[in-house]
$ cat start-v1.cif   # mmCIF, C-alpha atoms and all ligand atoms
data_start
loop_
_atom_site.label_atom_id
_atom_site.label_comp_id
_atom_site.auth_asym_id
_atom_site.auth_seq_id
_atom_site.Cartn_x
_atom_site.Cartn_y
_atom_site.Cartn_z
CA MET A 493 -12.06 2.61 -29.73
CA GLN A 494 -9.83 1.25 -27.04
CA ILE A 495 -6.10 1.27 -26.47
CA THR A 496 -3.81 -0.26 -23.86
CA VAL A 497 -0.30 1.06 -23.30
CA SER A 498 2.30 -0.01 -20.78
CA VAL A 499 5.10 1.96 -19.15
CA PRO A 500 7.93 0.84 -16.85
CA GLY A 501 8.71 1.93 -13.31
CA LYS A 502 12.22 3.16 -12.65
CA VAL A 503 15.02 3.33 -10.14
CA THR A 504 17.26 6.33 -9.79
CA LEU A 505 20.74 4.83 -9.61
CA LEU A 506 22.20 8.12 -8.40
CA GLY A 507 21.23 11.79 -8.41
CA GLU A 508 17.60 12.16 -7.25
CA HIS A 509 16.66 15.56 -5.78
CA ALA A 510 19.83 17.23 -7.12
CA VAL A 511 18.40 16.61 -10.62
CA VAL A 512 15.46 18.90 -9.71
CA TYR A 513 18.08 21.67 -9.37
CA GLY A 514 19.84 21.04 -12.67
CA ARG A 515 22.45 18.43 -11.71
CA PRO A 516 22.77 15.20 -13.74
CA ALA A 517 21.31 11.84 -12.69
CA LEU A 518 21.52 8.19 -13.71
CA VAL A 519 18.22 6.39 -13.98
CA SER A 520 17.08 3.00 -15.25
CA ALA A 521 13.72 1.50 -16.27
CA ILE A 522 12.78 -1.64 -14.29
CA ASN A 523 10.93 -4.80 -15.30
CA ARG A 524 7.72 -3.84 -13.45
CA ARG A 525 5.11 -2.03 -15.51
CA ILE A 526 1.88 -0.07 -15.29
CA TYR A 527 -0.83 -0.83 -17.85
CA ILE A 528 -3.20 1.94 -18.83
CA LYS A 529 -6.24 1.23 -20.93
CA ALA A 530 -8.33 4.06 -22.39
CA GLU A 531 -11.79 3.36 -23.81
CA SER A 532 -14.04 5.80 -25.65
CA ARG A 533 -17.35 6.64 -24.00
CA SER A 534 -20.52 7.77 -25.66
CA ASP A 535 -20.85 10.62 -23.15
CA SER A 536 -18.21 13.19 -22.17
CA SER A 537 -17.32 11.86 -18.70
CA ILE A 538 -13.93 10.67 -17.58
CA LYS A 539 -14.17 7.56 -15.41
CA VAL A 540 -11.12 6.15 -13.66
CA LEU A 541 -11.13 2.52 -12.59
CA SER A 542 -8.37 0.74 -10.79
CA PRO A 543 -8.58 -2.04 -8.24
CA ASP A 544 -4.85 -1.43 -7.55
CA LEU A 545 -5.34 2.22 -6.73
CA LYS A 546 -8.63 1.66 -4.90
CA LEU A 547 -10.13 4.23 -7.25
CA GLN A 548 -13.06 2.05 -8.26
CA GLY A 549 -15.87 4.12 -9.67
CA LEU A 550 -14.50 7.61 -9.10
CA SER A 551 -15.64 9.71 -12.01
CA LEU A 552 -16.06 13.26 -13.15
CA LYS A 553 -17.72 15.20 -15.92
CA ILE A 554 -15.86 17.13 -18.58
CA ASN A 555 -18.82 18.90 -20.15
CA GLY A 556 -17.57 22.38 -19.34
CA GLY A 557 -14.18 24.06 -19.86
CA LEU A 558 -10.87 22.38 -19.18
CA SER A 559 -10.73 23.80 -15.68
CA ASP A 560 -13.69 21.59 -14.86
CA PHE A 561 -11.24 18.71 -14.60
CA GLU A 562 -10.61 19.89 -11.04
CA LEU A 563 -11.07 17.10 -8.58
CA GLU A 564 -14.32 17.34 -6.68
CA ALA A 565 -13.56 14.71 -4.10
CA GLY A 566 -11.78 17.29 -1.95
CA GLU A 567 -9.20 16.15 0.55
CA ARG A 568 -10.37 12.57 0.93
CA LYS A 569 -7.36 10.43 1.77
CA THR A 570 -4.51 12.05 -0.20
CA GLN A 571 -2.61 8.78 -0.59
CA ILE A 572 -5.49 7.23 -2.49
CA LEU A 573 -6.29 10.34 -4.46
CA GLU A 574 -2.69 11.18 -5.36
CA PRO A 575 -2.61 8.95 -8.50
CA LEU A 576 -5.98 10.33 -9.58
CA ARG A 577 -4.57 13.86 -9.59
CA TYR A 578 -1.90 12.76 -12.10
CA ILE A 579 -4.42 10.96 -14.33
CA LEU A 580 -6.79 13.91 -14.48
CA LYS A 581 -4.03 16.44 -14.99
CA ALA A 582 -2.54 14.26 -17.78
CA ILE A 583 -5.93 14.31 -19.52
CA GLU A 584 -6.19 18.06 -19.12
CA VAL A 585 -2.64 18.63 -20.46
CA THR A 586 -3.26 16.31 -23.45
CA SER A 587 -6.59 17.96 -24.26
CA GLY A 588 -4.92 21.38 -24.03
CA HIS A 589 -2.09 20.26 -26.34
CA TYR A 590 -4.40 19.04 -29.11
CA GLY A 591 -7.28 21.46 -28.43
CA LYS A 592 -9.62 18.46 -28.38
CA LYS A 593 -11.34 16.32 -25.77
CA SER A 594 -13.51 13.26 -25.45
CA GLY A 595 -15.09 11.13 -22.73
CA ALA A 596 -13.05 8.11 -21.65
CA ASN A 597 -12.79 5.25 -19.22
CA ILE A 598 -9.23 5.02 -17.89
CA ILE A 599 -8.32 1.66 -16.38
CA VAL A 600 -5.04 1.39 -14.46
CA GLN A 601 -3.25 -1.80 -13.41
CA SER A 602 0.11 -1.85 -11.69
CA GLU A 603 2.75 -4.55 -11.16
CA MET A 604 4.42 -2.51 -8.41
CA PRO A 605 3.42 -0.54 -5.33
CA ILE A 606 2.15 2.94 -6.24
CA GLY A 607 3.91 5.95 -4.75
CA ALA A 608 6.89 3.92 -3.52
CA GLY A 609 9.64 5.93 -5.20
CA LEU A 610 9.60 3.79 -8.35
CA GLY A 611 8.41 6.55 -10.65
CA THR A 612 4.80 5.42 -10.67
CA SER A 613 3.41 8.96 -10.79
CA ALA A 614 5.50 9.65 -13.91
CA ALA A 615 4.49 6.27 -15.37
CA ILE A 616 0.80 6.99 -14.73
CA SER A 617 1.16 10.49 -16.23
CA VAL A 618 3.01 9.32 -19.35
CA GLY A 619 0.78 6.27 -19.82
CA THR A 620 -2.38 8.36 -19.54
CA VAL A 621 -1.05 11.04 -21.92
CA ALA A 622 -0.11 8.34 -24.48
CA ALA A 623 -3.34 6.35 -24.26
CA TYR A 624 -5.55 9.46 -24.33
CA SER A 625 -3.59 10.90 -27.31
CA VAL A 626 -4.35 7.75 -29.31
CA LEU A 627 -8.00 7.87 -28.22
CA LEU A 628 -8.18 11.45 -29.54
CA GLY A 629 -6.87 10.17 -32.89
CA TYR A 630 -3.17 11.11 -32.74
CA ASP A 631 -0.05 9.01 -33.32
CA ILE A 632 2.40 8.59 -30.48
CA ASP A 633 5.40 10.92 -30.72
CA LEU A 634 7.73 9.98 -27.85
CA ASN A 635 9.20 13.48 -27.45
CA ASP A 636 5.74 15.06 -27.25
CA ILE A 637 4.56 12.40 -24.81
CA ALA A 638 7.61 12.90 -22.54
CA ARG A 639 7.07 16.68 -22.59
CA MET A 640 3.36 16.39 -21.74
CA GLY A 641 4.15 13.85 -19.00
CA HIS A 642 6.64 16.27 -17.47
CA ALA A 643 4.16 19.17 -17.71
CA THR A 644 1.67 16.96 -15.85
CA GLU A 645 4.11 16.28 -13.01
CA VAL A 646 5.06 19.96 -12.72
CA ALA A 647 1.39 20.95 -12.61
CA VAL A 648 0.56 18.41 -9.87
CA GLN A 649 3.72 18.66 -7.76
CA GLY A 650 4.80 22.26 -8.37
CA LEU A 651 8.36 20.95 -8.87
CA ALA A 652 9.66 18.04 -10.96
CA SER A 653 12.70 17.26 -13.05
CA PRO A 654 12.15 15.67 -16.48
CA MET A 655 13.97 12.51 -15.26
CA ASP A 656 11.10 10.19 -14.31
CA THR A 657 8.90 11.04 -17.28
CA ALA A 658 11.86 10.64 -19.69
CA ILE A 659 12.90 7.21 -18.41
CA THR A 660 9.37 5.80 -18.39
CA THR A 661 8.88 7.07 -21.97
CA TYR A 662 12.21 6.03 -23.53
CA GLY A 663 13.18 3.12 -21.24
CA GLY A 664 16.72 1.69 -20.94
CA THR A 665 19.25 3.44 -18.74
CA LEU A 666 19.79 7.17 -19.12
CA TYR A 667 22.27 9.79 -18.03
CA ILE A 668 20.11 12.87 -17.88
CA LYS A 669 20.94 16.51 -17.23
CA PRO A 670 18.13 19.05 -17.22
CA GLU A 671 18.98 22.01 -19.46
CA GLY A 672 16.29 24.61 -20.12
CA THR A 673 13.21 22.98 -21.56
CA LYS A 674 15.14 20.18 -23.29
CA PRO A 675 17.11 17.81 -21.06
CA LEU A 676 20.45 16.47 -22.23
CA MET A 677 20.12 12.67 -22.44
CA GLU A 678 22.57 9.91 -23.16
CA ARG A 679 21.68 6.23 -23.42
CA ILE A 680 23.95 4.12 -21.23
CA ASP A 681 24.74 0.51 -22.09
CA MET A 682 24.92 -1.77 -19.09
CA PRO A 683 27.65 -4.23 -20.01
CA CYS A 684 28.01 -5.62 -16.49
CA ASN A 685 25.90 -7.67 -14.14
CA PHE A 686 23.89 -5.06 -12.29
CA ALA A 687 21.77 -7.48 -10.26
CA SER A 688 19.89 -5.47 -7.69
CA VAL A 689 17.36 -5.92 -4.95
CA LEU A 690 14.81 -3.31 -3.94
CA GLY A 691 13.56 -3.04 -0.37
CA TYR A 692 10.17 -1.46 0.13
CA THR A 693 8.71 0.17 3.19
CA GLN A 694 5.51 2.16 3.50
CA ARG A 695 5.67 5.79 2.37
CA GLU A 696 5.32 8.39 5.13
CA GLU A 697 5.17 11.47 2.90
CA THR A 698 4.18 12.15 -0.71
CA THR A 699 6.69 13.27 -3.36
CA SER A 700 5.15 16.77 -3.41
CA GLN A 701 5.63 17.12 0.36
CA ILE A 702 9.27 15.97 0.21
CA LEU A 703 10.10 18.22 -2.72
CA LYS A 704 8.75 21.16 -0.69
CA LYS A 705 10.86 20.06 2.28
CA VAL A 706 14.07 20.04 0.22
CA LYS A 707 13.20 23.43 -1.25
CA ALA A 708 12.67 24.82 2.27
CA ALA A 709 16.06 23.42 3.37
CA LYS A 710 17.66 25.04 0.33
CA ASP A 711 15.99 28.39 1.09
CA ARG A 712 17.23 28.20 4.70
CA ASN A 713 20.84 27.18 3.90
CA PRO A 714 21.37 27.88 0.21
CA GLN A 715 25.16 27.61 0.18
CA VAL A 716 25.36 24.33 2.08
CA ILE A 717 22.56 22.67 0.13
CA ASP A 718 24.08 23.86 -3.16
CA LEU A 719 27.38 22.24 -2.21
CA ILE A 720 25.58 18.98 -1.38
CA MET A 721 23.82 19.10 -4.76
CA ASP A 722 27.13 19.79 -6.53
CA ALA A 723 28.67 16.80 -4.75
CA ILE A 724 25.78 14.59 -5.87
CA GLY A 725 26.30 15.82 -9.45
CA LEU A 726 29.99 14.87 -9.25
CA LEU A 727 29.11 11.40 -7.94
CA VAL A 728 26.88 10.92 -10.98
CA GLU A 729 29.68 11.84 -13.40
CA GLU A 730 32.02 9.39 -11.66
CA ALA A 731 29.37 6.68 -11.58
CA ARG A 732 28.79 7.05 -15.32
CA ALA A 733 32.52 6.45 -15.88
CA CYS A 734 32.38 3.38 -13.57
CA ILE A 735 29.56 1.81 -15.61
CA LYS A 736 31.56 2.32 -18.80
CA LYS A 737 34.58 0.62 -17.20
CA GLY A 738 32.43 -2.13 -15.66
CA ASP A 739 33.74 -1.17 -12.21
CA MET A 740 30.79 -2.20 -10.05
CA LYS A 741 32.73 -2.05 -6.80
CA SER A 742 33.52 1.66 -7.17
CA PHE A 743 29.97 2.24 -8.38
CA GLY A 744 28.71 0.71 -5.12
CA SER A 745 30.91 3.03 -3.03
CA LEU A 746 29.50 6.03 -4.90
CA MET A 747 25.96 4.82 -4.12
CA ASN A 748 26.89 4.73 -0.42
CA ILE A 749 28.17 8.32 -0.49
CA ASN A 750 25.04 9.38 -2.37
CA HIS A 751 22.88 7.83 0.34
CA GLY A 752 24.73 9.82 3.04
CA LEU A 753 24.14 13.03 1.12
CA LEU A 754 20.45 12.26 0.63
CA ASP A 755 20.17 11.60 4.36
CA SER A 756 21.77 14.99 4.99
CA LEU A 757 19.05 16.59 2.84
CA GLY A 758 16.51 15.13 5.28
CA VAL A 759 14.75 12.83 2.80
CA SER A 760 15.68 9.43 4.24
CA THR A 761 13.94 7.75 7.18
CA LYS A 762 14.94 5.30 9.89
CA ALA A 763 13.16 2.46 8.07
CA LEU A 764 15.07 3.23 4.86
CA ASN A 765 18.39 3.59 6.69
CA ASP A 766 17.86 0.26 8.47
CA MET A 767 17.42 -1.50 5.11
CA VAL A 768 20.38 0.36 3.59
CA TYR A 769 22.77 -0.71 6.36
CA ALA A 770 21.37 -4.24 6.60
CA SER A 771 22.01 -4.76 2.87
CA ARG A 772 25.59 -3.59 3.17
CA SER A 773 26.21 -5.94 6.11
CA ALA A 774 24.82 -8.77 3.96
CA GLY A 775 27.39 -8.08 1.26
CA ALA A 776 25.84 -5.50 -1.09
CA LEU A 777 28.48 -3.57 -3.07
CA GLY A 778 26.45 -0.43 -2.42
CA SER A 779 23.01 0.59 -1.22
CA LYS A 780 20.98 3.76 -1.09
CA MET A 781 17.44 5.03 -0.89
CA THR A 782 16.01 5.59 -4.35
CA GLY A 783 13.43 8.14 -5.47
CA ALA A 784 12.01 10.99 -3.45
CA GLY A 785 12.34 9.25 -0.05
CA GLY A 786 10.20 9.67 3.07
CA GLY A 787 9.82 5.88 2.97
CA GLY A 788 9.48 4.00 -0.28
CA CYS A 789 12.40 2.02 -1.68
CA ILE A 790 16.07 1.36 -1.27
CA LEU A 791 18.28 -0.05 -4.02
CA ALA A 792 21.02 -2.53 -3.17
CA LEU A 793 23.58 -3.48 -5.79
CA CYS A 794 24.47 -7.09 -5.00
CA PRO A 795 25.48 -9.20 -8.01
CA ASP A 796 26.56 -12.25 -5.96
CA ARG A 797 24.48 -11.75 -2.83
CA VAL A 798 20.89 -11.49 -4.03
CA ARG A 799 19.55 -14.09 -1.55
CA GLU A 800 21.50 -12.80 1.45
CA VAL A 801 20.55 -9.17 0.80
CA SER A 802 16.88 -10.05 0.27
CA LEU A 803 16.82 -11.85 3.61
CA ALA A 804 18.58 -8.96 5.37
CA ILE A 805 16.03 -6.49 4.00
CA ARG A 806 13.19 -8.68 5.26
CA LEU A 807 14.80 -8.94 8.71
CA ALA A 808 15.20 -5.14 8.74
CA GLY A 809 11.42 -4.85 8.32
CA GLY A 810 11.19 -4.23 4.58
CA MET A 811 9.77 -6.11 1.62
CA PRO A 812 12.49 -7.24 -0.81
CA PHE A 813 12.03 -7.75 -4.51
CA GLU A 814 14.50 -8.43 -7.27
CA VAL A 815 14.52 -6.16 -10.27
CA SER A 816 16.28 -6.13 -13.57
CA LEU A 817 17.27 -2.86 -15.17
CA SER A 818 17.28 -1.27 -18.64
CA SER A 819 13.73 -2.41 -19.47
CA PRO A 820 11.82 -1.11 -22.52
CA GLY A 821 9.96 2.21 -22.33
CA LEU A 822 6.42 3.12 -23.40
CA ARG A 823 4.78 0.58 -25.67
CA ILE A 824 1.41 -0.07 -27.17
CA GLU A 825 0.05 -3.40 -25.97
CA GLU A 826 -3.26 -3.50 -27.80
CA SER A 827 -5.52 -1.24 -29.78
CA SER A 828 -8.86 -1.76 -31.48
CA HIS A 829 -11.52 0.30 -33.18
CA GLY A 830 -14.64 -1.53 -31.94
CA HIS A 831 -17.88 0.39 -31.20
C1 LIG B 1 11.50 11.30 -7.73
O1 LIG B 1 11.33 10.03 -8.31
C2 LIG B 1 12.84 11.88 -8.10
C3 LIG B 1 13.07 13.31 -7.59
O2 LIG B 1 14.38 13.67 -8.02
C4 LIG B 1 12.06 14.26 -8.13
C5 LIG B 1 12.23 14.58 -9.63
O3 LIG B 1 13.27 14.31 -10.20
O4 LIG B 1 11.26 15.15 -10.19
C6 LIG B 1 13.04 13.36 -6.08
#

$ encode --input "start-v1.cif" --output "C-alpha cells"
Amino acid sequence: MQITVSVPGKVTLLGEHAVVYGRPALVSAINRRIYIKAESRSDSSIKVLSPDLKLQGLSLKINGGLSDFELEAGERKTQILEPLRYILKAIEVTSGHYGKKSGANIIVQSEMPIGAGLGTSAAISVGTVAAYSVLLGYDIDLNDIARMGHATEVAVQGLASPMDTAITTYGGTLYIKPEGTKPLMERIDMPCNFASVLGYTQREETTSQILKKVKAAKDRNPQVIDLIMDAIGLLVEEARACIKKGDMKSFGSLMNINHGLLDSLGVSTKALNDMVYASRSAGALGSKMTGAGGGGCILALCPDRVREVSLAIRLAGGMPFEVSLSSPGLRIEESSHGH
C-alpha cells in the first residue's frame, strides 16, 4: 500500500505569538506545498527519506513500545533533525490514537524552504498523520487529523497554538481564536487583490527556542507582555473587518503596527527588519515578519508593486518570492494498494 498526500504552507497575516496565548489570528494557506508519501514495509521499521531535508537514509526501529520512537541520533545538527522530530512524533501520536502501528517508508518533498516560518513543521506533522492514518487503514477525518497534528506540535515544541495545523489541514484563509481544546474558526473570503511577496532570510533560531524566549519575556514582565498581546488581538479584529470591506490600505497599516509589536516581543531580527523597511520604501501597503521569527520570512502586501518590492527585498539581502493566498488544504494526491 502506498499513499501520497499534500499540504500547503501558510503565512500568518496577523497575530502570531499572541495566538499561543489565546488571542485571535488571521492566517492563510499559500500555493507552496509539501508532499508526503507513506509506503508499507514488510518489516516494522520507520524509514524517513527526503533529499530536501537532507534526511536520506535515517531510520529507526519500532519493534518495541511506542516510546521506542525516541530519536537515537542524539543532538546531531538540530536544524537538520528538527523536521525528523515532527515526523516521528506524528507517527507516535497517530499510532497512539488508533492503538495500531506498522512499518513505513516516509518520503518528504517540499516546494518551500523548511523551518522558514511558513508553517512547514505543522505541514509535515499534519501530512505525516494523514498519510500514516491511511496506511493503517483509516479514512481521513479532517478534524481528527488537525487535532493529532496539533498534539504533535505541542509534544515536540512544548508550546503551540492550533493555528498552523488548522490552516494546513483546512486551507483557505481563517480567522482563528484558540478556545479550550476546540479553536473557534471562521473561513474568510478574500474578495480583494491580496498580491503579496515573501522575503526569506536564513533562520537563526528554531520555533521551539523562540517560543521559549517569548514565554520567558512574559514571565519577566507579565503585565506589559499581556498588553502587547491584547493589542495584537485588537489589530486582528480590525484587520478582519478591513478584509470584509476590501480596505487593503488600512489592512497594510495594521500589518505595520503588528510588526512593531512583534519586534518589541524580541522575535524579529535585523535581517527581517531590513526587508520589512525596504519593502515599505518600495511601495508596499504594509509589511511584517511572519511566523515565529528569529529569521525566516517577511510578508509584504503590495498589489501594484510586486516587481519593485521583490527587487527591494533582494537588495536588502533577502530572497523574494511571490505567493498567492487561500490555497486548498490537505488533499490526497495518489493512493494504491500494490504489494
Ligand atoms: C508559528 O508559525 C506561529 C506561532 O504563533 C506559534 C504557534 O502559533 O504555534 C509563533

$ residues_near_ligand --input "start-v1.cif" --ligand "ligand LIG 1 (chain B)" --cutoff "7 Å" --atoms "only C-alpha atoms and all ligand atoms" --output "list of chain:residue names"
A:Glu508, A:His509, A:Ala510, A:Val511, A:Val512, A:Gly609, A:Leu610, A:Gly611, A:Leu651, A:Ala652, A:Ser653, A:Pro654, A:Met655, A:Asp656, A:Thr699, A:Leu703, A:Gly783, A:Ala784

$ residues_around --input "start-v1.cif" --residues "Leu793 in chain A" --least-positions-apart "3" --cutoff "7 Å" --atoms "only C-alpha atoms" --output "compact mmCIF listing (two decimals) with C-alpha atoms, in the coordinates of the input"
# COMPACT_ATOMS: atom_id res chain seq x y z
CA PHE A 686 23.89 -5.06 -12.29
CA ALA A 687 21.77 -7.48 -10.26
CA SER A 688 19.89 -5.47 -7.69
CA VAL A 689 17.36 -5.92 -4.95
CA GLY A 744 28.71 0.71 -5.12
CA ALA A 776 25.84 -5.50 -1.09
CA LEU A 777 28.48 -3.57 -3.07
CA GLY A 778 26.45 -0.43 -2.42
CA SER A 779 23.01 0.59 -1.22

$ atom_distance --input "start-v1.cif" --atom1 "CA of Gly619 in chain A" --atom2 "CA of Gly785 in chain A"
23.1 Å

$ closest_residue --input "start-v1.cif" --among "A:Ala647, A:Met604, A:Ile632, A:Ile749" --to "Ser700 in chain A" --atoms "only C-alpha atoms"
A:Ala647

$ closest_residue --input "start-v1.cif" --among "A:Ile668, A:Val768, A:Val648, A:Ile526" --to "Glu584 in chain A" --atoms "only C-alpha atoms"
A:Val648

$ closest_residue --input "start-v1.cif" --among "A:Phe743, A:Tyr692, A:Tyr527, A:Phe813" --to "Gly788 in chain A" --atoms "only C-alpha atoms"
A:Tyr692

$ residues_around --input "start-v1.cif" --residues "range 704-709 of chain A" --least-positions-apart "5" --cutoff "8 Å" --atoms "only C-alpha atoms" --output "list in words"
His509, Pro714, Ile717, Leu757, Gly758 and Val759 of chain A

$ closest_residue --input "start-v1.cif" --among "A:Arg823, A:Arg806, A:Arg577, A:Lys529" --to "Ala596 in chain A" --atoms "all atoms listed in the file"
A:Lys529

$ atom_distance --input "start-v1.cif" --atom1 "CA of Leu753 in chain A" --atom2 "CA of Gln715 in chain A"
14.6 Å

$ residues_near_point --input "start-v1.cif" --point "(-10.4, 3.2, -20.9)" --cutoff "6 Å" --atoms "only C-alpha atoms" --output "list in words"
Lys529, Ala530, Glu531, Ala596, Asn597, Ile598 and Ile599 of chain A

$ atom_distance --input "start-v1.cif" --atom1 "CA of Lys780 in chain A" --atom2 "CA of Gly514 in chain A"
20.8 Å

$ axis_aligned_box --input "start-v1.cif" --around "range 670-687 of chain A" --padding-each-side "4 Å" --output "lines of an AutoDock Vina configuration file"
center_x = 20.6
center_y = 8.5
center_z = -16.8
size_x = 22.8
size_y = 40.3
size_z = 21.2

$ residues_around --input "start-v1.cif" --residues "range 723-731 of chain A" --least-positions-apart "2" --cutoff "6 Å" --atoms "all atoms listed in the file" --output "ChimeraX atom specification"
/A:507,515-517,720-721,733-734,743

$ residues_around --input "start-v1.cif" --residues "Ser828 in chain A" --least-positions-apart "4" --cutoff "9 Å" --atoms "only C-alpha atoms" --output "VMD selection string"
chain A and resid 493 to 495

$ residues_around --input "start-v1.cif" --residues "Ile528 in chain A" --least-positions-apart "2" --cutoff "10 Å" --atoms "only C-alpha atoms" --output "list in words"
Ile495, Thr496, Val497, Ser498, Val499, Arg525, Ile526, Ala530, Ser542, Ile598, Ile599, Val600, Gln601, Ser602, Ala615, Ile616, Ser617, Val618, Gly619, Thr620, Val621, Ala622, Ala623, Tyr624, Ile824 and Glu825 of chain A

$ closest_residue --input "start-v1.cif" --among "A:Pro795, A:Gly641, A:Gly591, A:Gly663" --to "Glu814 in chain A" --atoms "only C-alpha atoms"
A:Pro795
